[in-house]
Amino acid sequence: NVEKLARSLWPIDRAPATPAELRFVLDHYRRRALSDWTLFLLETTIEETSQGLNLTVRTNAQEIGDTAVGIARALGTPLSDARVELLPSPRLGERRFGVTCVPMAFVWGQPRELDDVQTQLLLGDCVWLLDETPDGSYLLVHGTDSYLGWVRSDAIQRLDASRFDEWLNAPAATFVREHEVRGVRFSPAVRLPLASPAAADAKVVRLRLPAPIPALGEKSTIEVPRDAVRLSSEIRVGQKAIEIAQTLLGRPYVFGGRSSLGTDCSGLVSDAYAALGHTL
């Protein structure tokens, strides 16, 4: 019931006629209707012209975008143009998937450093791409933990669907304790595919990297101690998740954090289970 919703957002006997007034209505709709901002994206651009207002709605859910436009029309806002841009954006091309290729990367609320932290990506984390900035320096991503936000494009190895599917479903190993190789830290919950089906022996495991890390040279694989990781075939939950979480006692609290620098509440829980191969 779009008309009823619209009237509850703007209980005034005239239509919102300026960009500021329409933005107020649609921001109110976003706060009221979108119960989880980590799952649903709604961004609006409103421009004033001599013929009325140009409204552009960017979203990852068609119904949300259609409702936003419907609210403006139901209130009688003079619209010269209204359109919904459904993400992922066509400008991304075929490589609309990605894998984090740096040890850790913050995801920001806007495409700029030191904005509000949404979450943190760890090496090997998979993301779904939604958009990119005009200069290509930032990517709008949707992570496996459901959080949305912007990350530097050089932190992501972009893939097409087939390569992404292969990475996502390959036999893998997950770090169960922090391990360091040439100054590069691999945090608990980092998940990397095995270099080959027979890449593990009694003492070491050889893992694939999404892209070479400068500190490790041009190598596409690394070898780590067998006791630093758990193979996907050995996954257990429950008590094991508690044991992994207990190893993080004393780590600083950092909002949005998921690494040795600090973690937050959801990061603690999700990483404890991710170390066992379960994405919450």
# chains A, B, ... in the order shown; residues from 1 in each chain; ligands from 1
call {"tool": "select_by_dssp", "arguments": {"residues": "segment 99-191 of chain A", "states": "alpha helix (DSSP H)", "output": "tab-separated table (two decimals) with N, CA, C and O atoms, in the first residue's frame"}}
result
chain	number	residue	atom	x	y	z
A	161	ALA	N	32.29	-15.32	-13.18
A	161	ALA	CA	31.47	-16.27	-12.42
A	161	ALA	C	32.12	-17.64	-12.30
A	161	ALA	O	32.09	-18.26	-11.24
A	162	SER	N	32.72	-18.14	-13.37
A	162	SER	CA	33.28	-19.49	-13.34
A	162	SER	C	34.49	-19.57	-12.42
A	162	SER	O	34.64	-20.52	-11.64
A	163	ARG	N	35.38	-18.57	-12.48
A	163	ARG	CA	36.55	-18.58	-11.60
A	163	ARG	C	36.15	-18.37	-10.15
A	163	ARG	O	36.74	-18.95	-9.23
A	164	PHE	N	35.15	-17.52	-9.92
A	164	PHE	CA	34.67	-17.30	-8.56
A	164	PHE	C	34.06	-18.58	-7.98
A	164	PHE	O	34.30	-18.94	-6.83
A	165	ASP	N	33.29	-19.27	-8.79
A	165	ASP	CA	32.66	-20.52	-8.34
A	165	ASP	C	33.73	-21.55	-7.98
A	165	ASP	O	33.59	-22.27	-6.99
A	166	GLU	N	34.78	-21.60	-8.77
A	166	GLU	CA	35.85	-22.56	-8.50
A	166	GLU	C	36.54	-22.23	-7.18
A	166	GLU	O	36.82	-23.12	-6.37
A	167	TRP	N	36.81	-20.94	-6.94
A	167	TRP	CA	37.47	-20.54	-5.69
A	167	TRP	C	36.57	-20.84	-4.49
A	167	TRP	O	37.02	-21.36	-3.47
A	168	LEU	N	35.29	-20.51	-4.64
A	168	LEU	CA	34.35	-20.63	-3.53
A	168	LEU	C	34.16	-22.09	-3.10
A	168	LEU	O	33.99	-22.37	-1.91
A	169	ASN	N	34.22	-23.02	-4.04
A	169	ASN	CA	33.88	-24.41	-3.75
A	169	ASN	C	35.08	-25.35	-3.72
A	169	ASN	O	34.90	-26.56	-3.56
call {"tool": "residues_around", "arguments": {"residues": "Leu123 of chain A", "least_positions_apart": "2", "cutoff": "7 Å", "atoms": "only C-alpha atoms", "output": "ChimeraX atom specification"}}
result
/A:100-104,121,125,190
call {"tool": "residues_around", "arguments": {"residues": "segment 14-24 of chain A", "least_positions_apart": "6", "cutoff": "6 Å", "atoms": "only C-alpha atoms", "output": "mmCIF file with N, CA, C and O atoms, in the first residue's frame"}}
result
data_model
loop_
_atom_site.group_PDB
_atom_site.id
_atom_site.type_symbol
_atom_site.label_atom_id
_atom_site.label_comp_id
_atom_site.auth_asym_id
_atom_site.auth_seq_id
_atom_site.Cartn_x
_atom_site.Cartn_y
_atom_site.Cartn_z
ATOM 1 N N ILE A 46 18.795 13.305 -6.254
ATOM 2 C CA ILE A 46 17.667 14.165 -6.624
ATOM 3 C C ILE A 46 18.220 15.475 -7.167
ATOM 4 O O ILE A 46 18.992 16.167 -6.496
ATOM 5 N N LEU A 75 2.739 11.093 -3.553
ATOM 6 C CA LEU A 75 2.655 12.378 -2.853
ATOM 7 C C LEU A 75 2.473 13.547 -3.810
ATOM 8 O O LEU A 75 2.304 14.686 -3.374
ATOM 9 N N GLY A 76 2.524 13.285 -5.112
ATOM 10 C CA GLY A 76 2.341 14.353 -6.087
ATOM 11 C C GLY A 76 3.575 15.176 -6.353
ATOM 12 O O GLY A 76 3.476 16.291 -6.889
ATOM 13 N N THR A 77 4.737 14.663 -5.995
ATOM 14 C CA THR A 77 5.980 15.387 -6.254
ATOM 15 C C THR A 77 6.150 15.594 -7.763
ATOM 16 O O THR A 77 6.002 14.636 -8.537
#
call {"tool": "atom_distance", "arguments": {"atom1": "atom CA of Thr174 of chain A", "atom2": "atom CA of Gly149 of chain A"}}
result
24.7 Å
call {"tool": "residues_around", "arguments": {"residues": "Leu231 of chain A", "least_positions_apart": "4", "cutoff": "10 Å", "atoms": "only C-alpha atoms", "output": "short mmCIF file (atom, residue, chain, number, x, y, z; two decimals) with N, CA and C atoms, in the first residue's frame"}}
result
data_model
loop_
_atom_site.label_atom_id
_atom_site.label_comp_id
_atom_site.auth_asym_id
_atom_site.auth_seq_id
_atom_site.Cartn_x
_atom_site.Cartn_y
_atom_site.Cartn_z
N PRO A 171 38.29 -27.43 -2.34
CA PRO A 171 38.74 -27.93 -1.02
C PRO A 171 39.68 -26.91 -0.40
N ALA A 172 39.48 -26.61 0.87
CA ALA A 172 40.20 -25.49 1.47
C ALA A 172 40.66 -25.83 2.88
N ALA A 173 41.46 -24.93 3.41
CA ALA A 173 41.90 -25.01 4.81
C ALA A 173 41.65 -23.65 5.45
N THR A 174 41.29 -23.67 6.72
CA THR A 174 40.99 -22.44 7.46
C THR A 174 41.94 -22.33 8.65
N PHE A 175 42.53 -21.15 8.81
CA PHE A 175 43.45 -20.93 9.92
C PHE A 175 42.68 -20.96 11.24
N ARG A 191 40.44 -18.28 5.13
CA ARG A 191 40.19 -19.54 4.42
C ARG A 191 40.80 -19.46 3.03
N LEU A 192 41.68 -20.41 2.71
CA LEU A 192 42.35 -20.45 1.41
C LEU A 192 42.25 -21.84 0.81
N PRO A 193 42.07 -21.94 -0.50
CA PRO A 193 41.99 -23.26 -1.14
C PRO A 193 43.31 -24.00 -1.08
N LEU A 194 43.23 -25.33 -1.06
CA LEU A 194 44.43 -26.14 -1.16
C LEU A 194 45.04 -25.97 -2.54
N ALA A 200 48.46 -31.49 1.33
CA ALA A 200 48.66 -31.55 2.77
C ALA A 200 49.36 -32.86 3.14
N VAL A 205 50.98 -27.70 4.98
CA VAL A 205 49.87 -27.60 4.03
C VAL A 205 50.23 -26.49 3.04
N ARG A 226 50.94 -27.66 9.55
CA ARG A 226 49.68 -28.39 9.53
C ARG A 226 48.79 -28.06 10.72
N ILE A 235 35.95 -30.33 9.54
CA ILE A 235 35.17 -29.29 10.22
C ILE A 235 34.28 -29.89 11.30
N ALA A 275 36.28 -20.05 11.13
CA ALA A 275 37.45 -20.91 11.29
C ALA A 275 37.08 -22.38 11.18
N LEU A 276 35.82 -22.70 11.32
CA LEU A 276 35.33 -24.06 11.19
C LEU A 276 34.64 -24.28 9.85
N GLY A 277 34.72 -23.28 8.98
CA GLY A 277 34.14 -23.42 7.65
C GLY A 277 32.69 -23.05 7.52
#
call {"tool": "closest_atom_pairs", "arguments": {"of": "segment 115-179 of chain A", "to": "segment 86-94 of chain A", "cutoff": "12 Å", "atoms": "only C-alpha atoms", "output": "CSV"}}
result
residue,atom,partner,partner_atom,distance
A:Trp128,CA,A:Pro88,CA,8.6
A:Leu129,CA,A:Pro88,CA,6.6
A:Leu130,CA,A:Pro88,CA,4.0
A:Asp131,CA,A:Ser89,CA,5.4
A:Glu132,CA,A:Leu92,CA,7.3
A:Thr133,CA,A:Arg91,CA,10.2
A:Pro134,CA,A:Arg91,CA,9.8
A:Gly136,CA,A:Leu92,CA,9.9
A:Leu139,CA,A:Leu92,CA,9.6
A:Leu140,CA,A:Pro88,CA,9.2
A:Val141,CA,A:Pro88,CA,9.4
A:His142,CA,A:Pro88,CA,10.1
A:Arg158,CA,A:Glu94,CA,9.6
A:Leu159,CA,A:Glu94,CA,8.0
A:Asp160,CA,A:Glu94,CA,5.5
A:Ala161,CA,A:Glu94,CA,7.5
A:Ser162,CA,A:Glu94,CA,10.2
A:Arg163,CA,A:Glu94,CA,11.1
A:Phe164,CA,A:Glu94,CA,11.2
call {"tool": "residues_around", "arguments": {"residues": "Glu3 of chain A", "least_positions_apart": "5", "cutoff": "10 Å", "atoms": "only C-alpha atoms", "output": "NGL selection string"}}
result
:A and (8-9 or 67 or 70-75)
call {"tool": "write_last_selection", "arguments": {"atoms": "C-alpha atoms", "output": "mmCIF file, in the first residue's frame"}}
result
data_model
loop_
_atom_site.group_PDB
_atom_site.id
_atom_site.type_symbol
_atom_site.label_atom_id
_atom_site.label_comp_id
_atom_site.auth_asym_id
_atom_site.auth_seq_id
_atom_site.Cartn_x
_atom_site.Cartn_y
_atom_site.Cartn_z
ATOM 1 C CA SER A 8 2.568 8.346 6.843
ATOM 2 C CA LEU A 9 5.977 9.644 5.772
ATOM 3 C CA THR A 67 8.464 1.673 -3.844
ATOM 4 C CA GLY A 70 5.989 5.147 -6.026
ATOM 5 C CA ILE A 71 6.128 7.169 -2.806
ATOM 6 C CA ALA A 72 7.256 10.271 -4.689
ATOM 7 C CA ARG A 73 4.491 9.855 -7.270
ATOM 8 C CA ALA A 74 1.816 9.122 -4.630
ATOM 9 C CA LEU A 75 2.655 12.378 -2.853
#
call {"tool": "residues_around", "arguments": {"residues": "Gly262 of chain A", "least_positions_apart": "6", "cutoff": "8 Å", "atoms": "only C-alpha atoms", "output": "list in words"}}
result
Arg251, Pro252, Tyr253 and Val254 of chain A
call {"tool": "atom_distance", "arguments": {"atom1": "atom CA of Pro111 of chain A", "atom2": "atom CA of Ser137 of chain A"}}
result
8.5 Å
